[in-house]
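Below is the file protein-v4.cif, which contains mmCIF, C-alpha atoms and all ligand atoms.
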data_input
#
loop_
_atom_site.group_PDB
_atom_site.id
_atom_site.type_symbol
_atom_site.label_atom_id
_atom_site.label_comp_id
_atom_site.auth_asym_id
_atom_site.auth_seq_id
_atom_site.Cartn_x
_atom_site.Cartn_y
_atom_site.Cartn_z
ATOM 1 C CA MET A 4 -15.274 4.424 -28.133
ATOM 2 C CA GLU A 5 -15.573 6.395 -24.957
ATOM 3 C CA LYS A 6 -14.195 9.848 -24.741
ATOM 4 C CA ILE A 7 -10.672 9.673 -23.356
ATOM 5 C CA SER A 8 -9.680 12.133 -20.662
ATOM 6 C CA ARG A 9 -6.430 14.035 -20.849
ATOM 7 C CA ARG A 10 -5.083 11.951 -18.003
ATOM 8 C CA GLN A 11 -6.006 8.691 -19.699
ATOM 9 C CA ALA A 12 -4.467 9.894 -22.940
ATOM 10 C CA LEU A 13 -1.255 10.742 -21.127
ATOM 11 C CA GLN A 14 -1.106 7.387 -19.432
ATOM 12 C CA MET A 15 -1.876 5.501 -22.598
ATOM 13 C CA THR A 16 1.081 7.244 -24.188
ATOM 14 C CA VAL A 17 3.304 6.201 -21.350
ATOM 15 C CA ALA A 18 1.864 2.831 -20.593
ATOM 16 C CA GLY A 19 0.302 1.441 -23.742
ATOM 17 C CA ALA A 20 -3.234 0.126 -23.442
ATOM 18 C CA ALA A 21 -5.466 -0.601 -20.477
ATOM 19 C CA GLY A 22 -3.170 -2.551 -18.204
ATOM 20 C CA VAL A 23 0.565 -2.368 -17.691
ATOM 21 C CA THR A 24 2.463 -3.913 -14.870
ATOM 22 C CA ILE A 25 5.915 -3.598 -13.468
ATOM 23 C CA GLY A 26 6.700 -6.290 -10.949
ATOM 24 C CA GLY A 27 9.534 -8.085 -9.262
ATOM 25 C CA CYS A 28 11.533 -6.343 -6.632
ATOM 26 C CA ALA A 29 14.903 -5.282 -5.272
ATOM 27 C CA THR A 30 14.846 -1.583 -6.144
ATOM 28 C CA VAL A 31 11.939 -0.447 -8.262
ATOM 29 C CA SER A 32 11.205 3.114 -9.282
ATOM 30 C CA SER A 33 8.177 4.333 -11.115
ATOM 31 C CA SER A 34 6.616 7.676 -11.792
ATOM 32 C CA GLY A 35 3.004 8.672 -12.261
ATOM 33 C CA GLY A 36 2.714 9.991 -15.771
ATOM 34 C CA ASN A 37 5.860 12.072 -15.734
ATOM 35 C CA THR A 38 9.156 11.543 -17.452
ATOM 36 C CA GLY A 39 12.322 13.524 -18.047
ATOM 37 C CA ALA A 40 12.335 17.191 -17.121
ATOM 38 C CA GLU A 41 9.066 17.020 -15.243
ATOM 39 C CA GLN A 42 10.735 14.878 -12.576
ATOM 40 C CA GLU A 43 12.955 17.836 -11.727
ATOM 41 C CA LYS A 44 10.031 19.678 -10.226
ATOM 42 C CA LYS A 45 9.716 19.842 -6.468
ATOM 43 C CA SER A 46 7.434 17.479 -4.608
ATOM 44 C CA VAL A 47 4.957 18.851 -2.071
ATOM 45 C CA LEU A 48 4.975 15.785 0.176
ATOM 46 C CA THR A 49 7.332 12.869 0.774
ATOM 47 C CA VAL A 50 5.946 9.711 2.352
ATOM 48 C CA ALA A 51 7.848 6.667 3.608
ATOM 49 C CA HIS A 52 5.456 3.755 3.036
ATOM 50 C CA LEU A 53 6.400 0.982 5.438
ATOM 51 C CA THR A 54 4.101 -1.998 5.293
ATOM 52 C CA ASP A 55 4.020 -5.450 6.865
ATOM 53 C CA VAL A 56 6.563 -4.958 9.618
ATOM 54 C CA HIS A 57 5.216 -8.015 11.500
ATOM 55 C CA VAL A 58 7.215 -7.262 14.633
ATOM 56 C CA LYS A 59 7.424 -9.944 17.328
ATOM 57 C CA PRO A 60 9.608 -10.496 20.391
ATOM 58 C CA GLU A 61 11.427 -13.513 18.940
ATOM 59 C CA GLY A 62 14.402 -13.619 16.592
ATOM 60 C CA LYS A 63 15.617 -10.660 14.579
ATOM 61 C CA ALA A 64 12.261 -8.931 14.048
ATOM 62 C CA ALA A 65 12.742 -6.127 16.580
ATOM 63 C CA MET A 66 16.213 -5.303 15.302
ATOM 64 C CA GLY A 67 14.917 -5.393 11.728
ATOM 65 C CA MET A 68 12.153 -2.904 12.527
ATOM 66 C CA ARG A 69 14.719 -0.641 14.209
ATOM 67 C CA GLN A 70 17.031 -0.854 11.207
ATOM 68 C CA ALA A 71 14.221 0.029 8.806
ATOM 69 C CA LEU A 72 13.267 3.092 10.864
ATOM 70 C CA ARG A 73 16.898 4.136 11.130
ATOM 71 C CA ALA A 74 17.211 3.888 7.353
ATOM 72 C CA VAL A 75 14.143 6.126 6.930
ATOM 73 C CA HIS A 76 15.556 8.702 9.357
ATOM 74 C CA ALA A 77 18.961 8.629 7.630
ATOM 75 C CA LEU A 78 17.539 9.513 4.203
ATOM 76 C CA PRO A 79 19.021 12.721 2.770
ATOM 77 C CA ASN A 80 15.508 14.078 2.248
ATOM 78 C CA ARG A 81 13.658 13.299 5.422
ATOM 79 C CA PRO A 82 10.090 12.094 4.730
ATOM 80 C CA ASP A 83 7.286 14.343 5.988
ATOM 81 C CA VAL A 84 5.244 11.404 7.164
ATOM 82 C CA ILE A 85 5.374 7.613 7.479
ATOM 83 C CA PHE A 86 2.459 5.518 6.257
ATOM 84 C CA ASN A 87 2.215 2.303 8.249
ATOM 85 C CA GLY A 88 0.516 0.051 5.709
ATOM 86 C CA GLY A 89 -0.683 -2.509 8.271
ATOM 87 C CA ASP A 90 0.335 -5.863 9.727
ATOM 88 C CA ALA A 91 2.433 -3.955 12.247
ATOM 89 C CA ILE A 92 2.643 -7.045 14.447
ATOM 90 C CA MET A 93 3.245 -10.696 13.570
ATOM 91 C CA ASP A 94 -0.268 -11.840 14.358
ATOM 92 C CA SER A 95 -3.193 -11.298 16.659
ATOM 93 C CA LEU A 96 -5.997 -12.857 14.602
ATOM 94 C CA ALA A 97 -5.245 -16.193 16.234
ATOM 95 C CA ALA A 98 -3.400 -15.028 19.364
ATOM 96 C CA SER A 99 -4.318 -14.675 23.024
ATOM 97 C CA LYS A 100 -4.821 -11.232 24.547
ATOM 98 C CA GLU A 101 -1.523 -11.479 26.394
ATOM 99 C CA ARG A 102 0.417 -12.425 23.283
ATOM 100 C CA THR A 103 -1.318 -9.672 21.307
ATOM 101 C CA GLU A 104 -0.518 -7.015 23.907
ATOM 102 C CA GLU A 105 3.081 -8.195 24.104
ATOM 103 C CA GLN A 106 3.535 -7.613 20.363
ATOM 104 C CA TRP A 107 1.878 -4.176 20.480
ATOM 105 C CA ALA A 108 4.019 -3.160 23.445
ATOM 106 C CA LEU A 109 7.118 -3.975 21.412
ATOM 107 C CA TRP A 110 5.801 -2.067 18.357
ATOM 108 C CA LYS A 111 5.143 1.017 20.484
ATOM 109 C CA GLN A 112 8.450 0.794 22.321
ATOM 110 C CA ILE A 113 10.432 0.657 19.068
ATOM 111 C CA LEU A 114 8.450 3.554 17.574
ATOM 112 C CA LYS A 115 9.084 5.603 20.712
ATOM 113 C CA GLU A 116 12.804 4.900 20.605
ATOM 114 C CA GLU A 117 13.437 5.064 16.861
ATOM 115 C CA ASN A 118 10.823 7.300 15.236
ATOM 116 C CA THR A 119 10.462 11.083 15.244
ATOM 117 C CA ILE A 120 8.426 11.377 12.025
ATOM 118 C CA PRO A 121 4.614 11.746 12.116
ATOM 119 C CA ILE A 122 2.920 8.456 11.279
ATOM 120 C CA GLU A 123 -0.444 7.581 9.721
ATOM 121 C CA HIS A 124 -1.699 4.074 10.350
ATOM 122 C CA CYS A 125 -3.661 1.615 8.225
ATOM 123 C CA ILE A 126 -4.930 -1.567 9.884
ATOM 124 C CA GLY A 127 -3.780 -4.956 8.554
ATOM 125 C CA ASN A 128 -5.429 -8.336 8.962
ATOM 126 C CA HIS A 129 -2.840 -9.514 11.467
ATOM 127 C CA ASP A 130 -3.477 -6.413 13.622
ATOM 128 C CA ILE A 131 -7.054 -7.557 14.306
ATOM 129 C CA TRP A 132 -7.455 -9.425 17.566
ATOM 130 C CA GLY A 133 -9.168 -12.762 17.889
ATOM 131 C CA TRP A 134 -11.330 -13.199 14.785
ATOM 132 C CA GLN A 135 -10.009 -16.772 14.616
ATOM 133 C CA LYS A 136 -11.809 -17.514 17.854
ATOM 134 C CA SER A 137 -10.931 -21.160 18.350
ATOM 135 C CA LYS A 138 -7.201 -20.449 18.047
ATOM 136 C CA ALA A 139 -7.260 -17.128 19.916
ATOM 137 C CA GLY A 140 -9.525 -18.355 22.688
ATOM 138 C CA THR A 141 -11.820 -15.358 22.211
ATOM 139 C CA THR A 142 -15.612 -15.232 22.506
ATOM 140 C CA GLY A 143 -16.288 -12.055 20.547
ATOM 141 C CA SER A 144 -17.633 -10.177 23.556
ATOM 142 C CA GLU A 145 -14.279 -8.885 24.802
ATOM 143 C CA PRO A 146 -14.153 -5.061 24.914
ATOM 144 C CA LEU A 147 -11.094 -4.951 22.620
ATOM 145 C CA TYR A 148 -12.161 -7.847 20.363
ATOM 146 C CA GLY A 149 -11.443 -7.514 16.656
ATOM 147 C CA LEU A 150 -10.676 -4.144 15.100
ATOM 148 C CA LYS A 151 -11.000 -2.365 18.465
ATOM 149 C CA MET A 152 -7.648 -3.715 19.666
ATOM 150 C CA ALA A 153 -5.829 -2.342 16.613
ATOM 151 C CA MET A 154 -7.670 0.987 16.883
ATOM 152 C CA GLU A 155 -6.778 1.254 20.559
ATOM 153 C CA GLN A 156 -3.125 0.391 19.988
ATOM 154 C CA LEU A 157 -2.742 2.661 16.954
ATOM 155 C CA GLY A 158 -4.790 5.525 18.418
ATOM 156 C CA LEU A 159 -7.506 5.441 15.737
ATOM 157 C CA GLU A 160 -11.119 6.482 16.295
ATOM 158 C CA LYS A 161 -12.341 4.655 13.202
ATOM 159 C CA PRO A 162 -10.868 1.776 11.149
ATOM 160 C CA TYR A 163 -11.159 3.899 7.990
ATOM 161 C CA ARG A 164 -10.815 7.639 7.521
ATOM 162 C CA THR A 165 -9.529 10.497 5.374
ATOM 163 C CA PHE A 166 -7.058 13.293 5.863
ATOM 164 C CA ASP A 167 -5.770 16.106 3.688
ATOM 165 C CA ARG A 168 -2.134 16.915 3.207
ATOM 166 C CA ALA A 169 -0.233 19.207 0.837
ATOM 167 C CA GLY A 170 -3.223 19.629 -1.472
ATOM 168 C CA TRP A 171 -3.857 15.866 -1.754
ATOM 169 C CA LYS A 172 -6.674 13.923 -0.181
ATOM 170 C CA PHE A 173 -5.743 10.606 1.417
ATOM 171 C CA ILE A 174 -8.285 7.893 2.075
ATOM 172 C CA VAL A 175 -7.298 5.060 4.417
ATOM 173 C CA LEU A 176 -9.410 1.926 4.080
ATOM 174 C CA ASN A 177 -10.066 -1.103 6.243
ATOM 175 C CA SER A 178 -9.696 -4.044 3.833
ATOM 176 C CA MET A 179 -11.032 -6.757 6.129
ATOM 177 C CA GLN A 180 -14.423 -8.142 7.111
ATOM 178 C CA GLU A 181 -14.860 -10.778 9.821
ATOM 179 C CA ARG A 182 -15.232 -14.349 8.556
ATOM 180 C CA GLY A 183 -15.376 -16.765 11.477
ATOM 181 C CA ASP A 184 -12.466 -19.124 12.009
ATOM 182 C CA GLU A 185 -11.314 -18.412 8.450
ATOM 183 C CA GLY A 186 -10.300 -15.024 9.831
ATOM 184 C CA TYR A 187 -11.171 -12.393 7.267
ATOM 185 C CA LEU A 188 -12.693 -11.588 3.922
ATOM 186 C CA PRO A 189 -10.735 -9.051 1.828
ATOM 187 C CA ALA A 190 -13.512 -6.595 0.952
ATOM 188 C CA LEU A 191 -15.286 -3.445 2.086
ATOM 189 C CA ASP A 192 -18.628 -3.958 3.783
ATOM 190 C CA ASP A 193 -21.621 -1.969 2.502
ATOM 191 C CA GLU A 194 -21.285 0.640 5.226
ATOM 192 C CA GLN A 195 -17.659 1.419 4.375
ATOM 193 C CA PHE A 196 -18.352 1.258 0.653
ATOM 194 C CA ASP A 197 -21.154 3.835 1.014
ATOM 195 C CA TRP A 198 -18.888 6.018 3.156
ATOM 196 C CA LEU A 199 -16.130 5.800 0.518
ATOM 197 C CA SER A 200 -18.576 6.665 -2.232
ATOM 198 C CA GLY A 201 -19.748 9.701 -0.239
ATOM 199 C CA GLU A 202 -16.180 10.848 0.428
ATOM 200 C CA LEU A 203 -15.334 10.623 -3.266
ATOM 201 C CA ASP A 204 -18.491 12.525 -4.229
ATOM 202 C CA ALA A 205 -17.686 15.245 -1.689
ATOM 203 C CA SER A 206 -14.097 15.722 -2.884
ATOM 204 C CA PRO A 207 -13.408 18.658 -5.214
ATOM 205 C CA LYS A 208 -12.700 17.318 -8.704
ATOM 206 C CA GLU A 209 -9.372 19.168 -8.853
ATOM 207 C CA THR A 210 -8.073 17.560 -5.636
ATOM 208 C CA PRO A 211 -5.860 14.545 -6.381
ATOM 209 C CA ILE A 212 -6.667 11.475 -4.282
ATOM 210 C CA CYS A 213 -4.418 8.703 -2.951
ATOM 211 C CA ILE A 214 -5.991 5.631 -1.383
ATOM 212 C CA LEU A 215 -4.134 3.542 1.183
ATOM 213 C CA SER A 216 -5.330 -0.002 1.859
ATOM 214 C CA HIS A 217 -3.598 -2.927 3.512
ATOM 215 C CA ILE A 218 -4.764 -5.475 0.955
ATOM 216 C CA PRO A 219 -4.238 -4.606 -2.724
ATOM 217 C CA ILE A 220 -7.341 -3.599 -4.664
ATOM 218 C CA ILE A 221 -5.754 -4.652 -7.996
ATOM 219 C CA SER A 222 -2.443 -6.538 -8.077
ATOM 220 C CA VAL A 223 -0.447 -9.094 -10.045
ATOM 221 C CA THR A 224 1.410 -10.262 -6.935
ATOM 222 C CA PRO A 225 -1.015 -13.175 -6.252
ATOM 223 C CA PHE A 226 0.401 -14.848 -9.397
ATOM 224 C CA PHE A 227 3.797 -15.166 -7.716
ATOM 225 C CA PHE A 228 2.908 -15.649 -4.058
ATOM 226 C CA VAL A 229 2.797 -19.450 -4.346
ATOM 227 C CA LYS A 230 4.693 -21.843 -6.625
ATOM 228 C CA ASN A 231 1.805 -23.680 -8.272
ATOM 229 C CA ILE A 232 -0.971 -21.393 -9.406
ATOM 230 C CA VAL A 233 -2.612 -23.614 -12.006
ATOM 231 C CA LYS A 234 -4.883 -26.495 -11.072
ATOM 232 C CA ASP A 235 -6.966 -28.411 -13.643
ATOM 233 C CA HIS A 236 -6.191 -25.702 -16.198
ATOM 234 C CA ASN A 237 -7.652 -23.027 -13.945
ATOM 235 C CA PHE A 238 -5.897 -20.403 -11.914
ATOM 236 C CA ASN A 239 -5.634 -21.485 -8.307
ATOM 237 C CA LEU A 240 -5.046 -18.116 -6.705
ATOM 238 C CA ILE A 241 -5.264 -17.348 -3.001
ATOM 239 C CA GLY A 242 -8.430 -15.386 -2.391
ATOM 240 C CA ALA A 243 -7.027 -13.446 0.537
ATOM 241 C CA LEU A 244 -4.338 -11.684 -1.515
ATOM 242 C CA ALA A 245 -6.494 -8.999 -3.163
ATOM 243 C CA HIS A 246 -9.854 -7.292 -2.697
ATOM 244 C CA GLN A 247 -12.625 -9.667 -3.764
ATOM 245 C CA ASP A 248 -14.916 -6.678 -4.299
ATOM 246 C CA VAL A 249 -12.522 -5.390 -6.968
ATOM 247 C CA GLN A 250 -15.199 -5.018 -9.641
ATOM 248 C CA ARG A 251 -17.497 -2.989 -7.418
ATOM 249 C CA ILE A 252 -14.570 -0.739 -6.457
ATOM 250 C CA ARG A 253 -13.522 -0.466 -10.122
ATOM 251 C CA ASP A 254 -17.012 0.752 -11.011
ATOM 252 C CA LEU A 255 -16.938 3.332 -8.217
ATOM 253 C CA PHE A 256 -13.446 4.565 -9.068
ATOM 254 C CA ALA A 257 -14.389 4.944 -12.740
ATOM 255 C CA LYS A 258 -16.667 7.830 -11.712
ATOM 256 C CA HIS A 259 -13.799 9.768 -10.111
ATOM 257 C CA SER A 260 -10.997 10.812 -12.429
ATOM 258 C CA ASN A 261 -9.071 12.512 -9.589
ATOM 259 C CA ILE A 262 -8.125 9.178 -7.977
ATOM 260 C CA ARG A 263 -4.472 8.935 -8.936
ATOM 261 C CA LEU A 264 -2.818 6.305 -6.777
ATOM 262 C CA CYS A 265 -3.759 3.295 -4.638
ATOM 263 C CA LEU A 266 -1.038 2.043 -2.288
ATOM 264 C CA SER A 267 -1.061 -1.335 -0.546
ATOM 265 C CA GLY A 268 1.037 -4.064 1.052
ATOM 266 C CA HIS A 269 -0.050 -7.472 2.428
ATOM 267 C CA ASP A 270 1.416 -9.635 -0.359
ATOM 268 C CA HIS A 271 5.090 -8.935 0.550
ATOM 269 C CA LEU A 272 5.867 -8.356 -3.150
ATOM 270 C CA THR A 273 6.108 -5.254 -5.300
ATOM 271 C CA ASP A 274 4.169 -4.444 -8.405
ATOM 272 C CA ARG A 275 2.649 -1.532 -10.246
ATOM 273 C CA VAL A 276 -0.560 -1.911 -12.187
ATOM 274 C CA GLU A 277 -2.157 0.746 -14.398
ATOM 275 C CA TYR A 278 -5.843 0.066 -14.832
ATOM 276 C CA ASN A 279 -8.579 2.381 -16.060
ATOM 277 C CA GLY A 280 -6.400 5.437 -15.546
ATOM 278 C CA ILE A 281 -5.417 4.681 -11.930
ATOM 279 C CA THR A 282 -2.069 3.406 -10.651
ATOM 280 C CA TYR A 283 -2.079 0.577 -8.110
ATOM 281 C CA ILE A 284 1.192 -0.096 -6.295
ATOM 282 C CA CYS A 285 1.953 -2.917 -3.841
ATOM 283 C CA ASN A 286 4.992 -1.873 -1.847
ATOM 284 C CA GLY A 287 6.653 -5.111 -0.706
ATOM 285 C CA SER A 288 7.239 -5.498 3.024
ATOM 286 C CA VAL A 289 9.612 -4.437 5.749
ATOM 287 C CA CYS A 290 9.884 -8.026 7.019
ATOM 288 C CA GLY A 291 10.403 -9.817 3.670
ATOM 289 C CA ASN A 292 9.841 -13.491 4.272
ATOM 290 C CA TRP A 293 8.469 -12.846 7.794
ATOM 291 C CA TRP A 294 11.983 -12.010 9.007
ATOM 292 C CA LYS A 295 13.635 -14.887 7.171
ATOM 293 C CA GLY A 296 15.143 -12.890 4.325
ATOM 294 C CA ARG A 297 13.897 -12.375 0.776
ATOM 295 C CA PHE A 298 10.339 -13.428 -0.119
ATOM 296 C CA VAL A 299 10.019 -14.842 -3.669
ATOM 297 C CA ASP A 300 11.244 -11.894 -5.765
ATOM 298 C CA CYS A 301 11.232 -9.239 -3.066
ATOM 299 C CA ASP A 302 13.800 -8.148 -0.499
ATOM 300 C CA PRO A 303 12.766 -6.539 2.774
ATOM 301 C CA GLY A 304 12.305 -2.816 2.171
ATOM 302 C CA PHE A 305 10.044 0.191 2.079
ATOM 303 C CA ALA A 306 8.965 2.786 -0.470
ATOM 304 C CA ILE A 307 9.526 6.496 -0.725
ATOM 305 C CA VAL A 308 6.551 8.098 -2.427
ATOM 306 C CA ARG A 309 6.763 11.702 -3.591
ATOM 307 C CA PHE A 310 3.590 13.630 -4.304
ATOM 308 C CA TYR A 311 3.441 16.673 -6.593
ATOM 309 C CA ALA A 312 1.052 19.616 -6.684
ATOM 310 C CA ASP A 313 -0.185 18.711 -10.177
ATOM 311 C CA GLY A 314 -1.520 15.323 -9.042
ATOM 312 C CA THR A 315 1.461 13.255 -10.166
ATOM 313 C CA PHE A 316 3.719 11.142 -7.954
ATOM 314 C CA ASP A 317 6.692 8.809 -8.037
ATOM 315 C CA ASN A 318 7.317 5.675 -6.027
ATOM 316 C CA HIS A 319 10.708 4.187 -5.209
ATOM 317 C CA TYR A 320 11.074 0.877 -3.360
ATOM 318 C CA GLN A 321 14.370 0.425 -1.575
ATOM 319 C CA THR A 322 16.015 -2.119 0.653
ATOM 320 C CA TYR A 323 17.658 -1.261 3.951
ATOM 321 C CA ASP A 324 20.622 -2.534 5.891
ATOM 322 C CA TRP A 325 19.396 -5.717 7.521
ATOM 323 C CA ASP A 326 20.927 -9.170 7.328
ATOM 324 C CA PRO A 327 18.785 -11.983 8.719
ATOM 325 C CA SER A 328 21.837 -14.232 9.063
ATOM 326 C CA ALA A 329 23.944 -11.699 11.011
HETATM 327 ZN ZN ZN A 401 -1.672 -8.673 5.626
#
Transcribe the structure of this file into structure tokens.
Amino acid sequence: MEKISRRQALQMTVAGAAGVTIGGCATVSSSGGNTGAEQEKKSVLTVAHLTDVHVKPEGKAAMGMRQALRAVHALPNRPDVIFNGGDAIMDSLAASKERTEEQWALWKQILKEENTIPIEHCIGNHDIWGWQKSKAGTTGSEPLYGLKMAMEQLGLEKPYRTFDRAGWKFIVLNSMQERGDEGYLPALDDEQFDWLSGELDASPKETPICILSHIPIISVTPFFFVKNIVKDHNFNLIGALAHQDVQRIRDLFAKHSNIRLCLSGHDHLTDRVEYNGITYICNGSVCGNWWKGRFVDCDPGFAIVRFYADGTFDNHYQTYDWDPSA
């Protein structure tokens, strides 16, 4: 048997064997390797992870986004930073330029009016303009085609990047590759994979790392996203709901014991998976069932993630005051 690191030993004590999951929704709290007295210690960074807002001019979406931001700002312990997990707008993959810009204008207006907390953005598939060319009416040669529109609107120089905060290193990924009228493939291309590998190699081994992606790298949520997941005695899972390059990423991550947490959204459900010594958390969605209430087992909400100096964390998913029928 392989030598087990102290971290793995700790997590095996807490979590059992190789894989443990906590799923479902409403309000879910989980901590990263700590129990009891250790939770009394003071965090060094508090993040509000808001993912899948999917704002649009119609219906109750704009008011819902406002209510979520108001709930974040009303927290007794104000978060230091908001992570926008992607899919900020309803959709631009298959939308015209005008429709896309209308949604972004609304996103920016609401942020300007409701948000005073620094925000770090991750790009979601629906933030990418025009990859579904026949529906969007795009040619591919437009200056803001594809990822460029999201980068322009979110003020990003690159679709993936890193930043350091409170002794942690954060790596923000772009989970999507272009795939014709199908839209996107959930995977890193070779260029981004090599960049990620280089970033991990260059990180001091004592620096804890958190990775933020729009699409989950490892998740159990695809099992509950649709009603019928078995066809001809095989699993009939939706390929877009998790990274298809999961095994390549697993192999890379196995070389870096300081990767502690991977946060994602996209599937509008919550789970927590422990695999190979790393915690993977999918943090539901702000919009729930695309602004029509609860989605499967998950109410609209966001997560508060606290990071500690010793490389541990806790994650708490909470709902906010929003009633789609009001
Ligand atoms: Zn998505």
For the provided coordinates, the residues matched by the PyMOL selection byres (((not hetatm)) within 7 of (chain A and resi 401)) should be stated as a list in words.
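Written out, the selection comes to Asp55, Gly89, Asp90, Gly127, Asn128, His129, His217, Ile218, His269 and Asp270 of chain A.
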Rounded to one decimal, what separation in Å do you get between atom CA of Gln250 of chain A and atom CA of Lys230 of chain A?
26.2 Å
Distance query Leu147 of chain A at most 12 Å, all atoms listed in the file, self and fewer than 4 positions along chain excluded, as a ChimeraX atom specification
/A:95,99-100,103-104,130-134,141-143,151-156
Give me the residues near segment 199-204 of chain A as number ranges by chain, where near means some atom within 12 Å (using only C-alpha atoms) and where sequence neighbours in that chain fewer than 5 positions away do not count.
A: 163-166, 172-177, 191-194, 209-214, 251-262
Residues within 6 Å of (5.6, 13.5, -4.3), counting only C-alpha atoms, listed as a VMD selection string:
chain A and resid 46 to 49 308 to 311 316
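Reported to one decimal place, the separation of atom CA of Gly268 of chain A from atom CA of Pro219 of chain A is 6.5 Å.
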Go through A:Glu145, A:Asp313, A:Glu185, A:Asp197 one by one, measure the shortest atom-to-atom distance of each to Ala243 of chain A using only C-alpha atoms, and give the residue with the smallest value.
A:Glu185
Which one of A:Leu96, A:Leu78, A:Ala312, A:Ala190 sits closest to Trp171 of chain A if you count all atoms listed in the file?
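Looking at the shortest contact to Trp171 of chain A, the residue is A:Ala312.
Relative to atom CA of Phe298 of chain A, atom CA of Leu240 of chain A is found at 17.4 Å.
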Residue nearest Gly140 of chain A among A:His124, A:Arg182, A:Lys161, A:Arg102 (counting all atoms listed in the file)
A:Arg102
I'd like to see the residues matched by the PyMOL selection byres (((chain A and resi 82) around 12) and not hetatm) on this file, and ideally I'd get them as a tab-separated table (two decimals) with C-alpha atoms, keeping the file's coordinate frame.
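The new file out_31.tsv reads:
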chain	number	residue	atom	x	y	z
A	46	SER	CA	7.43	17.48	-4.61
A	47	VAL	CA	4.96	18.85	-2.07
A	48	LEU	CA	4.97	15.78	0.18
A	49	THR	CA	7.33	12.87	0.77
A	50	VAL	CA	5.95	9.71	2.35
A	51	ALA	CA	7.85	6.67	3.61
A	52	HIS	CA	5.46	3.76	3.04
A	53	LEU	CA	6.40	0.98	5.44
A	72	LEU	CA	13.27	3.09	10.86
A	74	ALA	CA	17.21	3.89	7.35
A	75	VAL	CA	14.14	6.13	6.93
A	76	HIS	CA	15.56	8.70	9.36
A	77	ALA	CA	18.96	8.63	7.63
A	78	LEU	CA	17.54	9.51	4.20
A	79	PRO	CA	19.02	12.72	2.77
A	80	ASN	CA	15.51	14.08	2.25
A	81	ARG	CA	13.66	13.30	5.42
A	83	ASP	CA	7.29	14.34	5.99
A	84	VAL	CA	5.24	11.40	7.16
A	85	ILE	CA	5.37	7.61	7.48
A	86	PHE	CA	2.46	5.52	6.26
A	118	ASN	CA	10.82	7.30	15.24
A	119	THR	CA	10.46	11.08	15.24
A	120	ILE	CA	8.43	11.38	12.02
A	121	PRO	CA	4.61	11.75	12.12
A	122	ILE	CA	2.92	8.46	11.28
A	306	ALA	CA	8.96	2.79	-0.47
A	307	ILE	CA	9.53	6.50	-0.72
A	308	VAL	CA	6.55	8.10	-2.43
A	309	ARG	CA	6.76	11.70	-3.59
A	310	PHE	CA	3.59	13.63	-4.30
Nearest residue to Gln180 of chain A out of A:Gln247, A:Thr322, A:Ser137, A:Asn87, using all atoms listed in the file?
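Closest candidate: A:Gln247.
When only C-alpha atoms are used to compute distances to Tyr278 of chain A, the closest of the residues A:Glu43, A:Glu61, A:Tyr320, A:Ser222 turns out to be A:Ser222.
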Using all atoms listed in the file, can you tell me which of A:Cys265, A:Ala98, A:Ala108, A:Cys301 comes closest to Val58 of chain A?
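Ranked by minimum distance to Val58 of chain A, first place goes to A:Ala108.
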